[in-house]
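Read the structure below first, then the notes.
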Amino acid sequence: MATPSRTPTALTHAAFKLVFRPVDMVARLVFDLEISGRELVPKSGPVVMAANHLSLIDPPFLGLCVRRNVRYLALDDLYGRSRFFDGLTLFFGAIPISRERPTHGPMRAALEDLESGGVVGVFPEGGRVPAWGDNEPRQGAAWLSMRTGAPLVPVAINGTQGTLSFSEPRVRRTAVRVWANEPLYPEDYADRIDPLGAMMEDWRKALDRHLAPYFAA
C-alpha cells in the first residue's frame with residue numbers, strides 16, 4: 001500500500017526554522033560538516049535540489065545546504081519500519097514514491113509544491129548507491145525543472161558513505177563535505193535535441209568535479 005504524502009503547513013515551516021540552527025550546529029560537531037556554495041542557492045522561489053545519494057542521512061545535509069524546508073522524493077520502501085521516521089519525514093513534507101508503481105501522484109505533488117514557490121529535493125541516482133558513478137542519473141529532476149521553470153541546483157555530498165550506507169550500516173562519526181553548484185536554468189536547454197538528457201549530463205559533470213577524486217578506480 002502506498003504511503004501518502006502530507007502537504008507542509010505553516011507549522012511545518014515554523015518548525016523547520018526553529019530546528020535549523022540546532023541541527024546545523026550538531027551536524028558540524030558530530031559530522032565535522034563543511035558546506036560550500038550556500039550563496040549560490042536561490043533564497044526564494046521554486047528550486048529543485050538534486051544530489052548524489054550515498055547514505056540514509058543525506059537528506060538532512062541537503063536541507064542544511066538550502067536553509068529552507070525541502071520536500072524530498074523518497075522511496076516508499078523506507079516507510080513502515082519506524083513510526084518515528086515515518087512521522088518526522090512526512091511532517092516535513094517528504095513525498096513517498098514507488099520503485100514499481102506509477103509515479104504520477106508523487107510527481108504531481110512535487111510540481112504543485114514548486115509551483116507554489118517551494119523546494120523539492122531529488123536524488124537522481126534513484127536510491128542509495130555504494131559509490132558515486134555507479135548509477136546513471138534519472139531525468140526526474142530535470143523534468144520538474146523544465147515543467148515549472150525552477151532552477152536545478154546540483155549538490156555533491158561526500159563522506160556520508162561512512163555512516164548509514166551500504167558499506168557502513170551503523171551510525172558512525174564521519175567528515176561530511178557538501179558542495180552546492182551554480183544553478184542550471186531550464187531555458188538554457190530549450191533548444192537542445194534532448195533537453196532533459198543535456199541538463200542531467202551537466203548535473204553529472206558538476207558533481208563529478210567534486211566527487212571523482214574520492215571515487216577514482
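Chain identifiers are assigned as A, B, and so on, following the order in which chains appear in the C-alpha cells; residues are numbered from 1 within each chain, and ligands are numbered from 1 in order of appearance.
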
Could you list, as an MDAnalysis selection string, every residue within 12 Å of Ala190 (chain A), counting only C-alpha atoms and ignoring same-chain residues fewer than 4 positions away? chainID A and resid 142 145:147 149 185:186 194:199

I want to know what sits within 12 Å of Asp58 (chain A), based on only C-alpha atoms, with residues of the same chain fewer than 2 positions away left out; could you give that as a VMD selection string? chain A and resid 27 31 33 50 to 56 60 to 65 72 74 121 to 123 127 to 129 155 to 165 176 to 178

A:Pro46, A:Pro130, A:Pro151, A:Thr174: which is nearest Asp113 (chain A), counting only C-alpha atoms?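 Smallest separation from Asp113 (chain A) among the options: A:Pro46.
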
Would you please extract all strand (DSSP E) residues from region 101-137 of chain A, as assigned by DSSP on the backbone, and give them as number ranges by chain? A: 119-122

Distance of CA of Met49 (chain A) from CA of Val119 (chain A), expressed in Å to one decimal place: 7.2 Å

Counting only C-alpha atoms, which of A:Val66, A:Ala216, A:Val48, A:Leu111 gets nearest to Ile35 (chain A)?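 Selected residue with least distance to Ile35 (chain A): A:Val66.
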
From a DSSP calculation on the backbone, collect every residue of region 37-85 of chain A in alpha helix (DSSP H) and output the set as a VMD selection string. chain A and resid 58 to 66 83 to 85

May I have the residues from that selection written out with N, CA and C atoms, as a short mmCIF file (atom, residue, chain, number, x, y, z; two decimals), in the first residue's frame?
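See result_28.cif below for the written result:
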```
data_model
loop_
_atom_site.label_atom_id
_atom_site.label_comp_id
_atom_site.auth_asym_id
_atom_site.auth_seq_id
_atom_site.Cartn_x
_atom_site.Cartn_y
_atom_site.Cartn_z
N ASP A 58 21.74 11.54 4.00
CA ASP A 58 21.96 12.63 3.04
C ASP A 58 20.87 13.71 3.06
N PRO A 59 19.58 13.37 3.17
CA PRO A 59 18.56 14.43 3.11
C PRO A 59 18.75 15.58 4.10
N PRO A 60 19.07 15.33 5.38
CA PRO A 60 19.28 16.48 6.27
C PRO A 60 20.41 17.40 5.82
N PHE A 61 21.47 16.83 5.25
CA PHE A 61 22.57 17.68 4.80
C PHE A 61 22.16 18.52 3.60
N LEU A 62 21.30 17.99 2.76
CA LEU A 62 20.78 18.78 1.64
C LEU A 62 19.92 19.92 2.16
N GLY A 63 19.12 19.65 3.20
CA GLY A 63 18.31 20.69 3.80
C GLY A 63 19.14 21.79 4.44
N LEU A 64 20.24 21.40 5.09
CA LEU A 64 21.13 22.40 5.69
C LEU A 64 21.79 23.26 4.63
N CYS A 65 21.98 22.70 3.46
CA CYS A 65 22.61 23.42 2.36
C CYS A 65 21.71 24.54 1.84
N VAL A 66 20.42 24.27 1.74
CA VAL A 66 19.49 25.23 1.14
C VAL A 66 18.90 26.19 2.17
N ARG A 83 7.93 4.23 13.22
CA ARG A 83 6.90 5.26 13.33
C ARG A 83 7.53 6.63 13.48
N PHE A 84 8.66 6.70 14.18
CA PHE A 84 9.32 8.00 14.36
C PHE A 84 9.81 8.54 13.03
N PHE A 85 10.50 7.70 12.25
CA PHE A 85 10.99 8.13 10.93
C PHE A 85 9.82 8.53 10.03
#
```

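Counting only C-alpha atoms and comparing A:Glu136, A:Leu29, A:Gly117, A:Ser36, the residue that lies closest to Arg71 (chain A) is A:Gly117.
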
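Computed from the coordinates, the CA of Glu125 (chain A) to CA of Arg21 (chain A) distance equals 29.1 Å.
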
Interatomic distance between CA of Ser167 (chain A) and CA of Ala131 (chain A)? 9.5 Å
